[in-house]
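Chemist: What follows is the file run_13.cif, containing mmCIF, C-alpha atoms and all ligand atoms:
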data_model
#
loop_
_atom_site.label_atom_id
_atom_site.label_comp_id
_atom_site.auth_asym_id
_atom_site.auth_seq_id
_atom_site.Cartn_x
_atom_site.Cartn_y
_atom_site.Cartn_z
CA MET A 1059 0.00 0.00 0.00
CA LYS A 1060 0.93 3.64 -0.36
CA ALA A 1061 2.02 5.45 2.85
CA LEU A 1062 3.59 8.75 3.85
CA VAL A 1063 6.47 7.73 6.07
CA LYS A 1064 8.83 9.60 8.35
CA THR A 1065 12.05 7.70 7.80
CA THR A 1066 14.80 9.73 9.47
CA PRO A 1067 15.06 12.33 12.27
CA GLY A 1068 15.11 15.76 10.60
CA PRO A 1069 12.85 17.58 8.12
CA GLY A 1070 10.98 15.66 5.41
CA ALA A 1071 8.81 12.62 4.77
CA VAL A 1072 8.66 10.07 1.96
CA LEU A 1073 5.86 8.37 0.03
CA GLN A 1074 6.59 4.65 0.04
CA GLN A 1075 5.02 1.37 -1.06
CA ILE A 1076 4.85 -0.91 1.99
CA PRO A 1077 2.90 -4.07 2.91
CA VAL A 1078 -0.68 -3.71 4.23
CA PRO A 1079 -0.49 -4.17 8.05
CA VAL A 1080 -1.85 -7.35 9.65
CA PRO A 1081 -4.28 -6.64 12.52
CA GLY A 1082 -3.48 -8.14 15.94
CA PRO A 1083 -6.19 -9.89 18.03
CA THR A 1084 -7.63 -6.61 19.39
CA ASP A 1085 -7.12 -4.51 16.24
CA LEU A 1086 -9.23 -3.36 13.33
CA LEU A 1087 -7.82 -3.11 9.84
CA VAL A 1088 -9.34 0.01 8.31
CA LYS A 1089 -9.34 1.25 4.73
CA VAL A 1090 -8.69 4.98 4.98
CA LYS A 1091 -11.26 6.93 2.94
CA ALA A 1092 -10.02 10.41 3.91
CA THR A 1093 -7.42 11.83 6.27
CA ALA A 1094 -6.68 15.38 7.41
CA LEU A 1095 -3.47 17.31 7.98
CA CYS A 1096 -3.05 18.61 11.52
CA LYS A 1097 -0.51 21.13 12.77
CA SER A 1098 1.09 18.32 14.76
CA ASP A 1099 1.74 16.41 11.51
CA LEU A 1100 3.48 19.48 10.11
CA ASP A 1101 5.58 19.57 13.27
CA VAL A 1102 6.63 15.96 12.65
CA ILE A 1103 7.45 16.65 9.00
CA GLU A 1104 9.39 19.80 9.87
CA TRP A 1105 10.93 18.09 12.92
CA SER A 1106 10.09 20.79 15.48
CA PRO A 1107 12.07 20.91 18.76
CA LEU A 1108 9.07 19.40 20.60
CA VAL A 1109 8.97 16.47 18.15
CA ALA A 1110 12.75 16.06 18.16
CA SER A 1111 12.62 15.62 21.95
CA SER A 1112 9.84 13.04 21.88
CA ASN A 1113 11.61 9.84 20.80
CA LEU A 1114 9.47 8.87 17.80
CA PRO A 1115 9.89 5.27 16.66
CA LEU A 1116 11.11 5.59 13.06
CA PRO A 1117 10.17 4.65 10.41
CA LEU A 1118 6.66 5.83 11.20
CA ILE A 1119 3.52 6.49 9.15
CA MET A 1120 2.14 9.88 10.22
CA GLY A 1121 -1.46 11.09 10.47
CA HIS A 1122 -4.24 10.64 13.04
CA GLU A 1123 -7.35 12.44 11.75
CA PHE A 1124 -9.24 10.09 9.43
CA PHE A 1125 -12.42 8.33 8.38
CA GLY A 1126 -12.43 4.80 7.08
CA GLU A 1127 -14.16 1.49 6.57
CA VAL A 1128 -13.35 -1.51 8.73
CA CYS A 1129 -12.31 -4.36 6.45
CA GLU A 1130 -11.01 -6.94 8.90
CA VAL A 1131 -11.16 -7.43 12.68
CA GLY A 1132 -8.90 -9.33 15.08
CA LYS A 1133 -10.13 -12.46 16.87
CA MET A 1134 -10.87 -10.72 20.16
CA VAL A 1135 -12.66 -7.67 18.70
CA LYS A 1136 -16.22 -7.59 20.00
CA ASN A 1137 -17.92 -4.41 18.93
CA PHE A 1138 -16.87 -3.82 15.33
CA LYS A 1139 -17.23 -5.77 12.12
CA ALA A 1140 -16.17 -5.44 8.51
CA GLY A 1141 -18.25 -2.78 6.80
CA ASP A 1142 -18.45 -0.45 9.84
CA TYR A 1143 -17.30 3.12 9.35
CA ILE A 1144 -15.12 4.68 11.99
CA THR A 1145 -12.85 7.49 12.97
CA GLY A 1146 -9.90 7.12 15.30
CA GLU A 1147 -9.54 8.38 18.82
CA THR A 1148 -5.85 9.26 18.63
CA HIS A 1149 -5.04 8.24 22.20
CA ILE A 1150 -4.66 4.57 23.12
CA PRO A 1151 -5.19 4.04 26.86
CA CYS A 1152 -3.72 1.05 28.72
CA GLY A 1153 -6.96 0.62 30.69
CA TYR A 1154 -5.27 -0.34 33.96
CA CYS A 1155 -3.19 2.57 35.30
CA HIS A 1156 -4.32 5.08 37.92
CA SER A 1157 -5.37 7.65 35.27
CA CYS A 1158 -7.31 5.03 33.32
CA ARG A 1159 -9.09 3.80 36.44
CA THR A 1160 -10.03 7.26 37.66
CA GLY A 1161 -11.83 8.68 34.64
CA ASN A 1162 -8.80 9.96 32.76
CA ARG A 1163 -8.19 7.26 30.15
CA HIS A 1164 -7.50 9.93 27.53
CA ILE A 1165 -4.40 10.98 29.47
CA CYS A 1166 -3.33 7.46 30.43
CA SER A 1167 -0.08 7.67 32.36
CA ASN A 1168 1.21 4.22 31.42
CA ASN A 1169 3.03 4.81 28.12
CA MET A 1170 -0.15 5.92 26.40
CA GLY A 1171 -0.11 5.06 22.70
CA VAL A 1172 -0.68 7.88 20.20
CA VAL A 1173 -1.77 7.17 16.62
CA GLY A 1174 0.75 8.55 14.13
CA ARG A 1175 3.29 9.02 16.92
CA SER A 1176 3.86 5.73 18.73
CA ILE A 1177 2.02 3.51 16.24
CA ASP A 1178 1.55 3.89 12.49
CA GLY A 1179 -1.00 6.51 11.48
CA SER A 1180 -3.54 7.30 8.79
CA PHE A 1181 -1.49 8.83 5.96
CA ALA A 1182 -1.78 5.51 4.14
CA GLU A 1183 -4.29 3.34 2.30
CA TYR A 1184 -4.85 1.22 5.43
CA ILE A 1185 -4.42 1.72 9.16
CA CYS A 1186 -4.41 -0.81 11.99
CA LEU A 1187 -6.24 0.60 14.99
CA PRO A 1188 -6.85 -0.93 18.46
CA GLU A 1189 -10.57 -1.48 19.06
CA VAL A 1190 -10.41 0.68 22.21
CA SER A 1191 -9.59 3.71 20.04
CA ALA A 1192 -12.18 3.21 17.30
CA ILE A 1193 -15.28 5.41 17.23
CA LYS A 1194 -18.21 4.24 15.11
CA LEU A 1195 -19.69 6.81 12.76
CA ASP A 1196 -22.60 7.00 10.42
CA LYS A 1197 -21.90 5.30 7.07
CA SER A 1198 -23.54 8.15 5.22
CA MET A 1199 -21.08 10.73 6.50
CA PRO A 1200 -19.03 12.27 3.67
CA PRO A 1201 -15.46 10.94 4.13
CA ALA A 1202 -13.93 14.44 4.30
CA GLU A 1203 -16.29 15.36 7.15
CA GLY A 1204 -15.58 12.08 8.91
CA ALA A 1205 -11.92 13.05 8.93
CA LEU A 1206 -12.86 16.20 10.90
CA MET A 1207 -14.30 14.36 13.89
CA GLU A 1208 -11.08 14.13 15.90
CA PRO A 1209 -10.26 17.88 15.90
CA LEU A 1210 -13.96 18.67 16.37
CA ALA A 1211 -14.00 16.50 19.48
CA THR A 1212 -10.85 18.32 20.65
CA ALA A 1213 -12.67 21.66 20.40
CA LEU A 1214 -15.57 20.16 22.33
CA HIS A 1215 -13.31 18.90 25.10
CA ALA A 1216 -11.64 22.34 25.35
CA LEU A 1217 -15.04 23.99 25.89
CA SER A 1218 -15.96 21.40 28.50
CA LYS A 1219 -13.18 22.77 30.70
CA ALA A 1220 -14.96 26.08 31.25
CA GLN A 1221 -18.35 27.60 31.84
CA VAL A 1222 -19.71 28.45 28.39
CA ALA A 1223 -23.51 28.67 28.67
CA GLY A 1224 -24.51 32.26 29.30
CA GLU A 1225 -20.87 33.33 29.24
CA THR A 1226 -18.57 35.41 27.09
CA VAL A 1227 -15.90 33.41 25.29
CA LEU A 1228 -12.75 34.52 23.48
CA VAL A 1229 -11.19 32.13 20.96
CA LEU A 1230 -7.56 32.83 20.11
CA GLY A 1231 -6.67 31.65 16.61
CA CYS A 1232 -9.11 30.72 13.83
CA GLY A 1233 -7.50 27.60 12.45
CA ALA A 1234 -9.80 24.59 12.11
CA ILE A 1235 -9.99 23.90 15.85
CA GLY A 1236 -10.49 27.61 16.63
CA LEU A 1237 -13.37 27.89 14.16
CA MET A 1238 -14.90 24.66 15.45
CA THR A 1239 -14.64 26.05 18.99
CA VAL A 1240 -16.52 29.18 17.93
CA GLU A 1241 -19.33 27.16 16.37
CA LEU A 1242 -19.58 24.78 19.34
CA ALA A 1243 -19.54 27.68 21.83
CA LYS A 1244 -22.58 29.00 19.98
CA VAL A 1245 -24.31 25.60 20.26
CA PHE A 1246 -23.46 25.56 23.99
CA GLY A 1247 -25.15 28.92 24.48
CA ALA A 1248 -22.31 31.40 24.85
CA THR A 1249 -23.72 34.93 24.94
CA ASN A 1250 -20.94 36.79 23.20
CA ILE A 1251 -18.14 35.12 21.24
CA PHE A 1252 -14.93 36.94 20.34
CA ALA A 1253 -12.49 35.49 17.81
CA LEU A 1254 -8.93 36.60 17.11
CA ASP A 1255 -6.70 35.91 14.11
CA ILE A 1256 -4.38 37.78 11.76
CA PHE A 1257 -6.02 36.57 8.53
CA GLN A 1258 -9.11 38.47 7.46
CA HIS A 1259 -10.64 35.49 5.59
CA LYS A 1260 -10.37 33.39 8.76
CA LEU A 1261 -12.09 36.14 10.76
CA GLU A 1262 -14.90 36.24 8.21
CA ALA A 1263 -15.25 32.47 8.62
CA ALA A 1264 -15.34 32.93 12.41
CA ARG A 1265 -18.21 35.35 11.98
CA LYS A 1266 -20.08 32.75 9.90
CA CYS A 1267 -19.42 30.19 12.65
CA GLY A 1268 -21.11 32.47 15.16
CA ALA A 1269 -18.56 34.97 16.50
CA GLU A 1270 -20.19 38.32 17.31
CA VAL A 1271 -16.89 40.21 17.51
CA VAL A 1272 -13.87 39.42 15.33
CA ILE A 1273 -10.49 40.96 16.06
CA ASN A 1274 -7.61 41.27 13.64
CA GLY A 1275 -4.57 41.02 15.92
CA ARG A 1276 -2.45 42.98 13.44
CA GLU A 1277 -4.77 45.95 13.29
CA GLU A 1278 -6.62 46.07 16.57
CA ASP A 1279 -5.78 45.84 20.24
CA LEU A 1280 -7.29 42.66 21.62
CA VAL A 1281 -7.60 43.94 25.19
CA GLU A 1282 -9.17 47.24 24.16
CA VAL A 1283 -11.76 45.58 21.91
CA VAL A 1284 -12.73 42.99 24.53
CA LEU A 1285 -12.94 45.47 27.42
CA ASP A 1286 -14.96 47.90 25.30
CA ALA A 1287 -17.45 45.20 24.40
CA THR A 1288 -17.78 43.81 27.93
CA LYS A 1289 -18.24 47.06 29.90
CA GLY A 1290 -14.68 46.74 31.13
CA LEU A 1291 -15.24 43.31 32.68
CA GLY A 1292 -13.38 41.09 30.25
CA VAL A 1293 -14.44 37.65 29.03
CA GLY A 1294 -15.22 34.68 31.27
CA THR A 1295 -13.36 32.10 29.20
CA VAL A 1296 -10.44 32.11 26.78
CA ILE A 1297 -9.70 29.14 24.51
CA GLU A 1298 -6.10 29.44 23.28
CA THR A 1299 -4.99 27.79 20.02
CA THR A 1300 -2.17 30.09 18.84
CA GLY A 1301 0.77 29.06 21.02
CA ASN A 1302 1.88 32.70 20.83
CA GLN A 1303 3.27 34.15 24.06
CA GLU A 1304 2.38 37.77 23.28
CA VAL A 1305 -1.19 36.82 22.40
CA ILE A 1306 -1.51 34.71 25.55
CA ASN A 1307 -0.37 37.60 27.74
CA LYS A 1308 -2.84 39.95 26.09
CA ALA A 1309 -5.56 37.38 26.61
CA VAL A 1310 -4.80 37.29 30.34
CA ASN A 1311 -5.58 41.01 30.38
CA ALA A 1312 -8.78 40.42 28.44
CA LEU A 1313 -9.89 37.77 30.93
CA ARG A 1314 -12.24 38.64 33.74
CA VAL A 1315 -11.36 38.14 37.40
CA ALA A 1316 -11.78 34.43 38.22
CA GLY A 1317 -11.97 33.58 34.51
CA THR A 1318 -10.64 30.43 32.84
CA LEU A 1319 -7.90 30.11 30.23
CA VAL A 1320 -7.83 26.77 28.39
CA PHE A 1321 -4.62 25.89 26.51
CA VAL A 1322 -5.15 23.87 23.34
CA GLY A 1323 -2.34 24.95 20.95
CA MET A 1324 1.20 23.63 21.00
CA ILE A 1325 3.77 25.80 22.76
CA ASP A 1326 7.31 24.64 22.12
CA HIS A 1327 9.15 27.15 24.32
CA PRO A 1328 8.99 28.09 28.02
CA LEU A 1329 5.98 30.33 28.54
CA THR A 1330 6.39 33.57 30.47
CA PHE A 1331 3.51 35.43 32.08
CA GLU A 1332 3.91 39.13 32.67
CA GLU A 1333 3.10 40.22 36.25
CA PHE A 1334 2.05 36.70 37.15
CA MET A 1335 1.09 37.48 40.77
CA HIS A 1336 -1.02 40.53 39.88
CA LYS A 1337 -2.58 39.21 36.70
CA VAL A 1338 -3.06 35.54 37.44
CA VAL A 1339 -2.74 34.72 41.15
CA TYR A 1340 -4.43 37.73 42.78
CA ARG A 1341 -7.17 37.58 40.15
CA GLU A 1342 -7.73 33.86 40.80
CA LEU A 1343 -7.61 32.87 37.16
CA THR A 1344 -7.89 29.19 36.31
CA LEU A 1345 -5.25 28.05 33.84
CA THR A 1346 -5.82 24.61 32.40
CA GLY A 1347 -4.95 22.59 29.33
CA ILE A 1348 -6.43 19.77 27.35
CA PHE A 1349 -4.82 16.82 25.63
CA GLY A 1350 -7.16 14.88 23.41
CA ARG A 1351 -10.76 14.06 24.22
CA LYS A 1352 -12.43 12.39 27.20
CA LEU A 1353 -12.98 8.69 26.60
CA TYR A 1354 -15.69 8.40 25.82
CA GLU A 1355 -17.78 11.29 27.16
CA THR A 1356 -16.59 13.76 24.52
CA TRP A 1357 -17.39 11.33 21.71
CA GLU A 1358 -20.86 10.57 23.07
CA THR A 1359 -21.67 14.28 23.40
CA LEU A 1360 -20.30 14.94 19.93
CA GLN A 1361 -22.58 12.27 18.45
CA MET A 1362 -25.61 13.94 20.06
CA ILE A 1363 -24.58 17.32 18.65
CA LEU A 1364 -24.07 15.79 15.19
CA ASP A 1365 -27.49 14.14 15.41
CA SER A 1366 -29.05 17.52 16.25
CA GLY A 1367 -27.97 18.78 12.82
CA LYS A 1368 -26.76 22.05 14.33
CA LEU A 1369 -23.27 21.96 12.86
CA ASP A 1370 -22.24 22.79 9.31
CA LEU A 1371 -19.22 20.52 8.84
CA SER A 1372 -18.73 21.26 5.14
CA ARG A 1373 -17.22 24.66 5.99
CA TYR A 1374 -14.22 22.93 7.62
CA VAL A 1375 -13.31 21.02 4.47
CA GLY A 1376 -10.81 23.59 3.25
CA ALA A 1377 -8.91 21.82 0.48
CA GLU A 1378 -9.07 18.34 -0.98
CA ILE A 1379 -5.99 16.72 -2.49
CA LYS A 1380 -4.50 13.29 -3.04
CA LEU A 1381 -2.07 11.85 -0.51
CA ASP A 1382 0.53 11.92 -3.31
CA GLU A 1383 0.25 15.72 -3.30
CA PHE A 1384 1.05 16.09 0.41
CA GLU A 1385 3.71 18.70 -0.33
CA LYS A 1386 1.03 20.93 -1.83
CA GLY A 1387 -0.98 20.28 1.35
CA LEU A 1388 1.86 21.61 3.49
CA GLU A 1389 1.88 24.83 1.45
CA LEU A 1390 -1.89 25.22 1.66
CA PHE A 1391 -2.07 24.52 5.40
CA PRO A 1392 -1.38 27.99 6.95
CA THR A 1393 -3.96 29.91 4.92
CA THR A 1394 -6.61 27.24 4.29
CA LEU A 1395 -9.94 27.68 6.03
CA GLY A 1396 -10.55 24.50 7.96
CA ARG A 1397 -8.63 21.32 7.21
CA VAL A 1398 -6.60 20.13 4.23
CA ILE A 1399 -8.12 16.72 3.43
CA MET A 1400 -6.03 14.06 1.70
CA TYR A 1401 -7.38 11.00 -0.14
CA PRO A 1402 -5.06 7.97 -0.17
ZN ZN B 1501 -4.60 16.56 15.31
ZN ZN B 1502 -3.53 3.83 31.52
#
Could I get this structure in the form of structure tokens?
Ligand SMILES: [Zn+2]
Ligand SMILES: [Zn+2]

Modeler:
Amino acid sequence: MKALVKTTPGPGAVLQQIPVPVPGPTDLLVKVKATALCKSDLDVIEWSPLVASSNLPLPLIMGHEFFGEVCEVGKMVKNFKAGDYITGETHIPCGYCHSCRTGNRHICSNNMGVVGRSIDGSFAEYICLPEVSAIKLDKSMPPAEGALMEPLATALHALSKAQVAGETVLVLGCGAIGLMTVELAKVFGATNIFALDIFQHKLEAARKCGAEVVINGREEDLVEVVLDATKGLGVGTVIETTGNQEVINKAVNALRVAGTLVFVGMIDHPLTFEEFMHKVVYRELTLTGIFGRKLYETWETLQMILDSGKLDLSRYVGAEIKLDEFEKGLELFPTTLGRVIMYP
């Protein structure tokens, strides 16, 4: 089969012909119908400092956001059969450690597996996925939209960390997960949603997703705009997807006393807060992060939201290319609205 493989430490990745994997007793063999490029895949291809320090087992097939059809199941698989359509929960919990046994399987502390990082991923014609990480989806879902489920569930988990209903929410960064966060915040009943980016077309998309106030970080002062629009109070919740220190510090000033800041984006340098005692401690801010999606609460909630028909997923399908054209995908990534979808 065709696969996009990281072969050596350092920048780059290679398209290779390799054998179709053989599923183990608890695995599903899945034919990948569509897969999406995530910032973390770009980090692997470019070999960012964070990736370089994370001991990836090479060679490795990258990719973790996908939609596919189960074509074979291992002997011990109970809940899936050939012909089912699934997406992958990227995290693979051990099921037995303290985290797993106390409601935190998604952040398993016993060498948690990660699709496309510790086991082969979805940038290939087939992927082998442990049953525990497979999420059944509706057959009728367009493949490109099925490949959006993993980041969409990430946005949902981020919002679950804060009070959103009846609240004001500021979303930093309007990449795919930022835009999804805006739309989900609307579904959750946020009263006033602010969205920040430096690209005007992304801000226009944020407005379509439900943001009442969009802020171009290059032209406007984030803190001024937010304080003006909130009678000087600031927002109750900030969802951060930029990884940008300057933006994060501004957001702290745009956050209300006792507000919550949820970190979603990758930050590959030490983060410094200005006036930490005055801005964060004395104001009793809650700083928290997310990694992945709750197993399986986030997925169950997401299914109910999908069933409600309230989301327009087509707007997150930004570009559609073949896996062979992945280099074009890398170029398109920074400016594309939503995800770059690749078909193996
Ligand atoms: Zn991702
Ligand atoms: Zn565990």

Chemist: I want to know what sits within 6 Å of Gly1132 of chain A, based on all atoms listed in the file, with residues of the same chain fewer than 4 positions away left out; could you give that as a compact mmCIF listing (two decimals) with C-alpha atoms, in the coordinates of the input?

Modeler:
# COMPACT_ATOMS: atom_id res chain seq x y z
CA PRO A 1081 -4.28 -6.64 12.52
CA GLY A 1082 -3.48 -8.14 15.94
CA PRO A 1083 -6.19 -9.89 18.03
CA THR A 1084 -7.63 -6.61 19.39
CA ASP A 1085 -7.12 -4.51 16.24

Chemist: Write as a VMD selection string the residues around ligand ZN 1501 (chain B), taking 9 Å as the cut-off and counting all atoms listed in the file.

Modeler: chain A and resid 1094 to 1099 1121 to 1123 1148 1208 to 1209 1212 1350

Chemist: Hey, can you check how far atom CA of Thr1356 of chain A sits from atom CA of Ser1180 of chain A?

Modeler: 21.4 Å

Chemist: May I have the residues at most 6 Å from (-5.6, 18.0, 0.9) in the file's coordinates, counting only C-alpha atoms, as a ChimeraX atom specification?

Modeler: /A:1377-1379,1387,1398-1400

Chemist: Find, counting all atoms listed in the file, the residue in A:Gly1070, A:Gly1171, A:Pro1117, A:Pro1107 that gets nearest to ligand ZN 1502 (chain B).

Modeler: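 Smallest distance to ligand ZN 1502 (chain B) is found for A:Gly1171.
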
Chemist: Counting only C-alpha atoms, figure out which residue out of A:Ile1185, A:Val1272, A:Leu1285, A:Ala1192 gets nearest to Gln1258 of chain A.

Modeler: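 Checking each of A:Ile1185, A:Val1272, A:Leu1285, A:Ala1192 against Gln1258 of chain A, counting only C-alpha atoms, the winner is A:Val1272.
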
Chemist: Wanna dump the chain A-ligand ZN 1502 (chain B) contacts at 9 Å for me, each residue with its shortest atom pair and the distance in Å to one decimal, counting all atoms listed in the file, ordered by chain and number, as a tab-separated table?

Modeler:
residue	atom	partner	partner_atom	distance
A:Ile1150	CA	B:ZN1502	ZN	8.5
A:Pro1151	CA	B:ZN1502	ZN	5.0
A:Cys1152	CA	B:ZN1502	ZN	4.0
A:Gly1153	CA	B:ZN1502	ZN	4.8
A:Tyr1154	CA	B:ZN1502	ZN	5.1
A:Cys1155	CA	B:ZN1502	ZN	4.0
A:His1156	CA	B:ZN1502	ZN	6.6
A:Ser1157	CA	B:ZN1502	ZN	5.7
A:Cys1158	CA	B:ZN1502	ZN	4.4
A:Arg1159	CA	B:ZN1502	ZN	7.4
A:Asn1162	CA	B:ZN1502	ZN	8.2
A:Arg1163	CA	B:ZN1502	ZN	5.9
A:His1164	CA	B:ZN1502	ZN	8.3
A:Ile1165	CA	B:ZN1502	ZN	7.5
A:Cys1166	CA	B:ZN1502	ZN	3.8
A:Ser1167	CA	B:ZN1502	ZN	5.2
A:Asn1168	CA	B:ZN1502	ZN	4.8
A:Asn1169	CA	B:ZN1502	ZN	7.5
A:Met1170	CA	B:ZN1502	ZN	6.5
